[in-house]
Structure formats: structure tokens, C-alpha cells
Amino acid sequence: MGAKTGATMGARGHVFLGDGMGDTGIGALLVRLRTARGWSQQRVADEYNALEGRSAKTGKEIGRYEREARVPVPYARKYLAQVFGVDCAVLDQAVAISKGQRDGADVAEVEIAPPVLRPEDTHVHGDPLSEDAVRSAEFARFIAQRNADEFVVEQLEADVGRLARTYVSHPLMEQYVEIKRLRDGVFELLRGRQHPRQTTDLYLSASRLCGLSAHVCLDLGDYDSAATHARTARACAEAAGHEGMLAWVRAVESLIAYWTGRYEQAARLAQAGLRHRASGSIGARLASLEARALAIVGDSAGALAALSDAERSREAVSGRDEVPGVFDFPVAKQFAYAGTTLLAVGGQERVQKAIVSAETAIRLYRCADGDDQSVGDLFASHLDLAHGHLLLGDLDGTEEMLGFVLTASPERMSASIVRRLIVLGRELERPQYRGAAQAVHLRDRLQHTAVRASLPAAHPPELPT
């Protein structure tokens, strides 16, 4: 009877490896483990995501592991081992075998070259063929000099995904230090040498990290610096050839234009982003940005049409965004934008709908996981609710909705939230409220909070809105 090979299923779904697996690379091992269970690559990704608790993997990425276009880093191997019910050491050994096979191939190439490439030989004989071979060998060595491999790239992607998600709910400075460190590290890697495929991945990570840096500057109200980071993010996205990221950068540029008072340009930039063929929720984001900007300039029909486009884009979304958090556009955020847009359009019916949209946004955010609860959007929606009640002449409702914001720590308020506080305070200065003690009290509280949140000594604000 021949030696046992392959993998067989055991009790409780555990996989027992045959004797022929000891010299198997990671790609072949993952294929055998998956086929032993009769699973698709997407099923493996779904099981992985269920264990990790977030949408970290796709079937396409599992396919990359199996082809060894990438090798799973230790963090990923830990979860893959749990998915397949094997000891993590089995996967570690398979990775070592794959790495050894690659390194052996590289050594063989280098060792073959020297006999015909010694500089002293070319000087003695003056053979133009040998001189030409020297140039070829020098280029081969240049190719072999890499400062990044699949481990580095995958760890970067994991770090970017983690920062993108926690950014919307954690204090800014906790994130910014690591964003800057990772971004500068990727810049240095890109100045070195790596495989073209890894170079593309690094450019994509650089684009996302520059995008995160742009959001930091947006929060701090430094719009010139935000625009600089956004331009670099766009250049890196173009180098990576990533349509989704190019569309997302246009959304950031639209935000910058909006918060610097260039509303028509903000709408045009959002429209430009829609020209990129990108999947996921970016279409709903861009249409929502366009709607809000058009509403501010008085194009009510255009704003309402853009809101309808956002809803259609949302209905057409299939699957998840590649990266969560800042790069995602959850339904809750879409309702938040709709509320702001409808308030700007005006009219009692629209104001009533704006209140419903803001309330829906708040409810959805409060039901979300902790890392997905955008504090900035909760502030914005409460301010929209307060504004809506004010437009309906309901000062009690206005004060109730402002309570969430006015009792919060000013250090948690971004520059855009401060702007909203100031605008609402001006609304309370209108003639119909001048004789109301409640309006005066609210206006003073809004002004006091805005001043405290703007103090240089305060901690930087933390969330984009």
C-alpha cells in the first residue's frame, strides 16, 4: 500500500494531514485543506471573517494565497489554522518551505552568473559579448535587491484597514502618530526596490495613508494641508491604477472645497468622482456630497435629484467595501448627509424629512459596533436635529437635541462641528428669537462651546463629518 497523501476529515471537522504533506508549500497546502472540506475560496474567506470579527478577507485574496502570489503573514495564518482546524505550526512550516524554494531559486540564478561576468575577464579579453553579459547580470542583481515582500505588504494592508476603521471612533492623536509613521515608511519602501506587483500594492497603501492624513487635516481645519495630502493620495492611486481609490480621493477633495466655501466646485468634484468605475458604496458617497453642495447654492432640484441618485447607488451595492471605516460609506452616514441636504433645501415638508433622516442616522450609529460609531456624525446629526426643530419654532426640541453636543468634551469636536455650532448660534440671533430668554441661553452655550473647542491648548479634534 502506498504512502498516505492529501488530507482527510476527522471528528468535529478537524483535518488530518497525510504523510506526503511535510514538504508541501503554503499554496498547495491551503488548496488541499480547502478541497478536503469541499469549500470554495469565498467560503474560506467568510469563515476567516467570522473568526476575526470583521470583513478582512475575500475569496480573491484566498486565491492569492493558494497561488502564492502572496504568503499569509503570521497574523493571518493564526486565523487560517482555526478555520481549517489544524495547528498553526503546520502552516508556518509550509510557509518556510515556500520561502526556501523561492530563496533557492534566487541563489541559483546568482551563482550561475559569475563565471562569465567577472570584470577582469572582460578587461583581459575585451570580448563585447562578455561586457554585454556584465550589464545583464548587474540588472539581475538589481532586480533581486528588494526591500519589501508579501509579508510587508500584507501587514501594511492590515494596519491600514485597522486604522481606517478605528479612526471614526477613537481619539485622533491615537491614530495620527501611527498614520504618519506608516505613511512615511511606505514612502521609503517605494524609494527602494520590490516586485512590480508589490510596488502597486505599496502605492495603494500610500494612497490610503495619505487619504487618512488628509482627513486628519480636515478635522483640524487645515484645509491647505488636507489638499496637499489629497493630491499625493490621488497621484499614488493613479500609480496603483485603482479606480475605487481615485473616486474616494475626489470625495475628499469635494469635502475640502465644501468646507472652504467653494460649493459649486465641491459639486463638480463629486461628479468627477462618479466618472470612475468603482464598486462598493463610493457612488452613494459622491452623490450625497453632490446633493449637499447643490443644496447650499440653492439648486434644490439638483440636490434632490442627487439624493435620489445616492439611494439608487446604495440599492446597487453588492458586497463590501475593500477597507472599512473612513473608506466605507455606511447607510447611517448617508442618512446624516440626507438630513443636512434637506435642511438646506428648506420648506416645512423637507425639514420634517430632515428630522426623520437625522433620527435614523443616530439610531443606526448607536446600533453599530463600537469601532463603527462615528462620534463626528453623531454630533452632526444632533446639530441637524436641533436646527430642524429651530426652523419649526420648537425651542424646547432644539435645546433637547443640543444637549448631546453641549455636554460632550470640546476636545472631541472637529473643525466642521465647530462651524456648525457657530452657524446655529447665528440662527438664534434672528429677530423672532431675540426676546426669548431660552434662545439667549442656548446661543451663549453654543458660543462658549465653540470657543472652547477652538482653543489652541485643546486637544486636536478627532472626527471628519
# chains A, B, ... in the order shown; residues from 1 in each chain; ligands from 1
call {"tool": "residues_around", "arguments": {"residues": "Ala295 in chain A", "least_positions_apart": "6", "cutoff": "8 Å", "atoms": "only C-alpha atoms", "output": "ChimeraX atom specification"}}
result
/A:302-303,341-342,344-345
call {"tool": "select_by_dssp", "arguments": {"residues": "range 234-405 of chain A", "states": "helix (DSSP H, G or I)", "output": "PyMOL selection string"}}
result
chain A and resi 234-240+243-259+263-273+282-296+300-316+325-327+331-345+348-367+370-372+375-391+395-405
call {"tool": "residues_around", "arguments": {"residues": "range 335-337 of chain A", "least_positions_apart": "3", "cutoff": "6 Å", "atoms": "only C-alpha atoms", "output": "number ranges by chain"}}
result
A: 332, 340, 357-358, 361, 381
call {"tool": "write_last_selection", "arguments": {"atoms": "N, CA and C atoms", "output": "tab-separated table (two decimals), in the first residue's frame"}}
result
chain	number	residue	atom	x	y	z
A	332	ALA	N	-25.88	54.70	7.71
A	332	ALA	CA	-26.10	55.73	8.72
A	332	ALA	C	-25.55	57.08	8.25
A	340	THR	N	-28.79	66.84	6.37
A	340	THR	CA	-28.18	68.15	6.15
A	340	THR	C	-28.66	68.76	4.84
A	357	SER	N	-34.52	61.81	8.85
A	357	SER	CA	-33.23	61.29	8.37
A	357	SER	C	-32.17	61.35	9.46
A	358	ALA	N	-32.12	62.49	10.17
A	358	ALA	CA	-31.13	62.64	11.24
A	358	ALA	C	-31.40	61.64	12.37
A	361	ALA	N	-30.19	58.27	11.26
A	361	ALA	CA	-28.73	58.18	11.31
A	361	ALA	C	-28.25	57.91	12.73
A	381	SER	N	-25.48	64.95	13.30
A	381	SER	CA	-26.91	64.63	13.21
A	381	SER	C	-27.70	65.28	14.35
call {"tool": "residues_around", "arguments": {"residues": "range 179-195 of chain A", "least_positions_apart": "4", "cutoff": "9 Å", "atoms": "only C-alpha atoms", "output": "PyMOL selection string"}}
result
chain A and resi 142-149+156+159-160+163+175+199-200+202-203+205-210+212-213
call {"tool": "residues_around", "arguments": {"residues": "Ala291 in chain A", "least_positions_apart": "5", "cutoff": "12 Å", "atoms": "only C-alpha atoms", "output": "JSON list (two decimals) with N, CA and C atoms, in the first residue's frame"}}
result
[["chain", "number", "residue", "atom", "x", "y", "z"],
["A", 254, "SER", "N", -13.75, 67.03, -2.68],
["A", 254, "SER", "CA", -15.06, 67.68, -2.62],
["A", 254, "SER", "C", -15.33, 68.20, -1.20],
["A", 258, "TYR", "N", -15.96, 72.05, -0.06],
["A", 258, "TYR", "CA", -17.18, 72.39, 0.67],
["A", 258, "TYR", "C", -16.86, 73.20, 1.92],
["A", 263, "TYR", "N", -18.69, 75.80, -2.93],
["A", 263, "TYR", "CA", -19.73, 74.77, -3.02],
["A", 263, "TYR", "C", -19.94, 74.24, -4.43],
["A", 264, "GLU", "N", -19.89, 75.12, -5.43],
["A", 264, "GLU", "CA", -20.06, 74.65, -6.81],
["A", 264, "GLU", "C", -18.92, 73.73, -7.21],
["A", 266, "ALA", "N", -17.23, 71.92, -5.12],
["A", 266, "ALA", "CA", -17.46, 70.68, -4.37],
["A", 266, "ALA", "C", -18.39, 69.76, -5.13],
["A", 267, "ALA", "N", -19.44, 70.32, -5.72],
["A", 267, "ALA", "CA", -20.38, 69.51, -6.52],
["A", 267, "ALA", "C", -19.68, 68.94, -7.75],
["A", 268, "ARG", "N", -18.88, 69.77, -8.41],
["A", 268, "ARG", "CA", -18.18, 69.30, -9.63],
["A", 268, "ARG", "C", -17.19, 68.19, -9.31],
["A", 269, "LEU", "N", -16.48, 68.31, -8.20],
["A", 269, "LEU", "CA", -15.52, 67.28, -7.82],
["A", 269, "LEU", "C", -16.22, 65.96, -7.50],
["A", 270, "ALA", "N", -17.37, 66.04, -6.86],
["A", 270, "ALA", "CA", -18.14, 64.82, -6.59],
["A", 270, "ALA", "C", -18.60, 64.19, -7.90],
["A", 271, "GLN", "N", -19.04, 65.02, -8.84],
["A", 271, "GLN", "CA", -19.46, 64.50, -10.14],
["A", 271, "GLN", "C", -18.28, 63.86, -10.88],
["A", 284, "ALA", "N", -22.69, 56.14, -3.66],
["A", 284, "ALA", "CA", -23.61, 56.78, -2.73],
["A", 284, "ALA", "C", -22.93, 57.94, -2.01],
["A", 285, "ARG", "N", -21.66, 57.79, -1.68],
["A", 285, "ARG", "CA", -20.91, 58.88, -1.02],
["A", 285, "ARG", "C", -20.83, 60.11, -1.93],
["A", 286, "LEU", "N", -20.42, 59.89, -3.16],
["A", 286, "LEU", "CA", -20.22, 61.01, -4.08],
["A", 286, "LEU", "C", -21.53, 61.72, -4.40],
["A", 296, "ILE", "N", -26.73, 73.91, -0.89],
["A", 296, "ILE", "CA", -26.20, 75.15, -0.33],
["A", 296, "ILE", "C", -26.25, 76.29, -1.34],
["A", 297, "VAL", "N", -26.01, 75.99, -2.63],
["A", 297, "VAL", "CA", -26.01, 77.05, -3.65],
["A", 297, "VAL", "C", -27.41, 77.33, -4.17],
["A", 298, "GLY", "N", -28.42, 76.67, -3.62],
["A", 298, "GLY", "CA", -29.79, 76.97, -4.00],
["A", 298, "GLY", "C", -30.35, 76.15, -5.14],
["A", 299, "ASP", "N", -29.61, 75.14, -5.60],
["A", 299, "ASP", "CA", -30.10, 74.27, -6.66],
["A", 299, "ASP", "C", -30.89, 73.12, -6.03],
["A", 300, "SER", "N", -32.12, 73.44, -5.62],
["A", 300, "SER", "CA", -32.92, 72.45, -4.90],
["A", 300, "SER", "C", -33.24, 71.24, -5.76],
["A", 301, "ALA", "N", -33.58, 71.48, -7.02],
["A", 301, "ALA", "CA", -33.92, 70.36, -7.91],
["A", 301, "ALA", "C", -32.71, 69.45, -8.10],
["A", 302, "GLY", "N", -31.54, 70.05, -8.32],
["A", 302, "GLY", "CA", -30.32, 69.25, -8.49],
["A", 302, "GLY", "C", -29.98, 68.48, -7.23],
["A", 303, "ALA", "N", -30.18, 69.11, -6.07],
["A", 303, "ALA", "CA", -29.87, 68.46, -4.80],
["A", 303, "ALA", "C", -30.77, 67.25, -4.57],
["A", 304, "LEU", "N", -32.06, 67.42, -4.82],
["A", 304, "LEU", "CA", -32.99, 66.31, -4.61],
["A", 304, "LEU", "C", -32.74, 65.19, -5.61],
["A", 305, "ALA", "N", -32.37, 65.55, -6.85],
["A", 305, "ALA", "CA", -32.04, 64.52, -7.85],
["A", 305, "ALA", "C", -30.80, 63.74, -7.42],
["A", 306, "ALA", "N", -29.81, 64.45, -6.87],
["A", 306, "ALA", "CA", -28.59, 63.78, -6.41],
["A", 306, "ALA", "C", -28.89, 62.86, -5.23],
["A", 307, "LEU", "N", -29.80, 63.27, -4.34],
["A", 307, "LEU", "CA", -30.20, 62.39, -3.24],
["A", 307, "LEU", "C", -30.83, 61.10, -3.77],
["A", 308, "SER", "N", -31.64, 61.24, -4.80],
["A", 308, "SER", "CA", -32.24, 60.04, -5.42],
["A", 308, "SER", "C", -31.15, 59.16, -6.04],
["A", 309, "ASP", "N", -30.14, 59.80, -6.66],
["A", 309, "ASP", "CA", -29.02, 59.03, -7.22],
["A", 309, "ASP", "C", -28.28, 58.27, -6.13],
["A", 310, "ALA", "N", -28.13, 58.91, -4.97],
["A", 310, "ALA", "CA", -27.45, 58.25, -3.85],
["A", 310, "ALA", "C", -28.22, 57.01, -3.40],
["A", 311, "GLU", "N", -29.54, 57.13, -3.36],
["A", 311, "GLU", "CA", -30.36, 55.98, -2.96],
["A", 311, "GLU", "C", -30.27, 54.84, -3.97],
["A", 334, "GLN", "N", -25.12, 58.03, 5.18],
["A", 334, "GLN", "CA", -25.94, 58.50, 4.07],
["A", 334, "GLN", "C", -27.19, 59.23, 4.58],
["A", 337, "TYR", "N", -26.10, 62.71, 5.81],
["A", 337, "TYR", "CA", -25.94, 63.66, 4.71],
["A", 337, "TYR", "C", -27.29, 64.10, 4.16],
["A", 338, "ALA", "N", -28.22, 63.16, 4.06],
["A", 338, "ALA", "CA", -29.56, 63.49, 3.55],
["A", 338, "ALA", "C", -30.23, 64.52, 4.46],
["A", 339, "GLY", "N", -30.05, 64.34, 5.77],
["A", 339, "GLY", "CA", -30.65, 65.30, 6.71],
["A", 339, "GLY", "C", -30.11, 66.70, 6.50],
["A", 340, "THR", "N", -28.79, 66.84, 6.37],
["A", 340, "THR", "CA", -28.18, 68.15, 6.15],
["A", 340, "THR", "C", -28.66, 68.76, 4.84],
["A", 341, "THR", "N", -28.75, 67.94, 3.80],
["A", 341, "THR", "CA", -29.18, 68.42, 2.49],
["A", 341, "THR", "C", -30.62, 68.92, 2.53],
["A", 342, "LEU", "N", -31.51, 68.15, 3.13],
["A", 342, "LEU", "CA", -32.92, 68.53, 3.19],
["A", 342, "LEU", "C", -33.13, 69.81, 4.01],
["A", 343, "LEU", "N", -32.36, 70.02, 5.05],
["A", 343, "LEU", "CA", -32.44, 71.27, 5.81],
["A", 343, "LEU", "C", -32.06, 72.45, 4.94],
["A", 344, "ALA", "N", -31.02, 72.27, 4.12],
["A", 344, "ALA", "CA", -30.58, 73.36, 3.25],
["A", 344, "ALA", "C", -31.59, 73.64, 2.14],
["A", 345, "VAL", "N", -32.27, 72.61, 1.66],
["A", 345, "VAL", "CA", -33.31, 72.81, 0.64],
["A", 345, "VAL", "C", -34.45, 73.64, 1.23]]
call {"tool": "residues_around", "arguments": {"residues": "Leu446 in chain A", "least_positions_apart": "2", "cutoff": "12 Å", "atoms": "only C-alpha atoms", "output": "PyMOL selection string"}}
result
chain A and resi 383+386+398-399+402-403+405-407+410+417-429+439-444+448-453
call {"tool": "residues_around", "arguments": {"residues": "range 64-77 of chain A", "least_positions_apart": "3", "cutoff": "10 Å", "atoms": "only C-alpha atoms", "output": "MDAnalysis selection string"}}
result
chainID A and resid 25:32 34 41 48 52 56:57 59:61 80:83 87:92 95 98:99 149:155 158 197:198
call {"tool": "write_last_selection", "arguments": {"atoms": "N, CA and C atoms", "output": "compact mmCIF listing (two decimals), in the first residue's frame"}}
result
# COMPACT_ATOMS: atom_id res chain seq x y z
N GLY A 25 4.38 23.29 0.04
CA GLY A 25 4.37 24.74 0.24
C GLY A 25 3.01 25.22 0.68
N ILE A 26 2.94 26.48 1.08
CA ILE A 26 1.72 27.02 1.67
C ILE A 26 0.57 27.04 0.68
N GLY A 27 0.84 27.33 -0.58
CA GLY A 27 -0.23 27.40 -1.57
C GLY A 27 -0.91 26.07 -1.76
N ALA A 28 -0.10 25.03 -2.00
CA ALA A 28 -0.65 23.69 -2.21
C ALA A 28 -1.36 23.19 -0.95
N LEU A 29 -0.81 23.52 0.21
CA LEU A 29 -1.42 23.08 1.47
C LEU A 29 -2.81 23.68 1.63
N LEU A 30 -2.94 24.98 1.36
CA LEU A 30 -4.23 25.63 1.50
C LEU A 30 -5.25 25.06 0.53
N VAL A 31 -4.80 24.74 -0.68
CA VAL A 31 -5.71 24.13 -1.66
C VAL A 31 -6.22 22.79 -1.13
N ARG A 32 -5.32 21.96 -0.59
CA ARG A 32 -5.71 20.64 -0.09
C ARG A 32 -6.65 20.75 1.10
N ARG A 34 -8.67 23.18 1.77
CA ARG A 34 -9.97 23.69 1.32
C ARG A 34 -10.76 22.62 0.57
N GLN A 41 -13.29 29.21 -2.33
CA GLN A 41 -12.39 30.20 -1.75
C GLN A 41 -13.17 31.25 -0.96
N TYR A 48 -13.08 32.84 7.80
CA TYR A 48 -12.00 33.67 8.36
C TYR A 48 -12.59 34.96 8.96
N GLU A 52 -12.44 36.54 12.82
CA GLU A 52 -11.75 37.79 13.14
C GLU A 52 -12.73 38.88 13.56
N ALA A 56 -12.29 41.17 6.61
CA ALA A 56 -10.87 41.33 6.32
C ALA A 56 -10.43 40.63 5.05
N LYS A 57 -11.11 39.56 4.65
CA LYS A 57 -10.66 38.74 3.53
C LYS A 57 -11.78 38.55 2.51
N GLY A 59 -12.68 36.06 -1.22
CA GLY A 59 -12.28 34.84 -1.91
C GLY A 59 -11.09 35.07 -2.82
N LYS A 60 -11.02 36.27 -3.40
CA LYS A 60 -9.90 36.61 -4.28
C LYS A 60 -8.58 36.57 -3.53
N GLU A 61 -8.59 37.05 -2.30
CA GLU A 61 -7.36 37.05 -1.50
C GLU A 61 -6.95 35.63 -1.12
N LEU A 80 -6.33 31.29 9.73
CA LEU A 80 -6.49 30.21 8.75
C LEU A 80 -6.38 28.86 9.43
N ALA A 81 -5.48 28.75 10.39
CA ALA A 81 -5.34 27.49 11.13
C ALA A 81 -6.63 27.16 11.87
N GLN A 82 -7.26 28.16 12.47
CA GLN A 82 -8.54 27.94 13.16
C GLN A 82 -9.63 27.56 12.18
N VAL A 83 -9.63 28.20 11.01
CA VAL A 83 -10.65 27.89 10.00
C VAL A 83 -10.58 26.42 9.61
N ASP A 87 -3.06 22.78 13.45
CA ASP A 87 -2.10 23.51 14.27
C ASP A 87 -1.45 24.58 13.41
N CYS A 88 -1.27 25.76 13.97
CA CYS A 88 -0.67 26.87 13.21
C CYS A 88 0.74 26.52 12.75
N ALA A 89 1.42 25.64 13.49
CA ALA A 89 2.79 25.25 13.13
C ALA A 89 2.82 24.57 11.76
N VAL A 90 1.72 23.91 11.39
CA VAL A 90 1.65 23.26 10.08
C VAL A 90 1.73 24.31 8.97
N LEU A 91 1.00 25.40 9.14
CA LEU A 91 1.03 26.47 8.15
C LEU A 91 2.38 27.18 8.16
N ASP A 92 2.94 27.38 9.35
CA ASP A 92 4.26 28.02 9.45
C ASP A 92 5.31 27.21 8.69
N VAL A 95 4.89 27.65 4.96
CA VAL A 95 5.41 28.95 4.53
C VAL A 95 6.93 28.90 4.42
N SER A 98 7.85 27.20 1.23
CA SER A 98 7.66 28.08 0.08
C SER A 98 8.77 29.12 0.00
N LYS A 99 9.10 29.71 1.15
CA LYS A 99 10.17 30.72 1.16
C LYS A 99 11.50 30.10 0.78
N ASP A 149 8.53 42.46 0.80
CA ASP A 149 7.99 41.22 0.25
C ASP A 149 6.51 41.14 0.58
N GLU A 150 5.89 39.99 0.31
CA GLU A 150 4.46 39.86 0.51
C GLU A 150 4.07 39.99 1.98
N PHE A 151 5.00 39.65 2.89
CA PHE A 151 4.72 39.78 4.31
C PHE A 151 4.55 41.26 4.68
N VAL A 152 5.48 42.08 4.19
CA VAL A 152 5.43 43.52 4.48
C VAL A 152 4.15 44.13 3.91
N VAL A 153 3.83 43.77 2.68
CA VAL A 153 2.66 44.35 2.01
C VAL A 153 1.38 43.97 2.73
N GLU A 154 1.25 42.70 3.10
CA GLU A 154 0.02 42.27 3.74
C GLU A 154 -0.13 42.88 5.13
N GLN A 155 0.96 43.00 5.87
CA GLN A 155 0.88 43.62 7.18
C GLN A 155 0.47 45.09 7.07
N ALA A 158 -3.21 45.27 6.49
CA ALA A 158 -3.94 45.01 7.74
C ALA A 158 -3.91 46.24 8.65
N ARG A 197 4.41 43.89 -8.68
CA ARG A 197 3.11 43.67 -8.07
C ARG A 197 3.06 44.26 -6.66
N GLN A 198 4.16 44.10 -5.94
CA GLN A 198 4.22 44.66 -4.59
C GLN A 198 4.34 46.18 -4.62
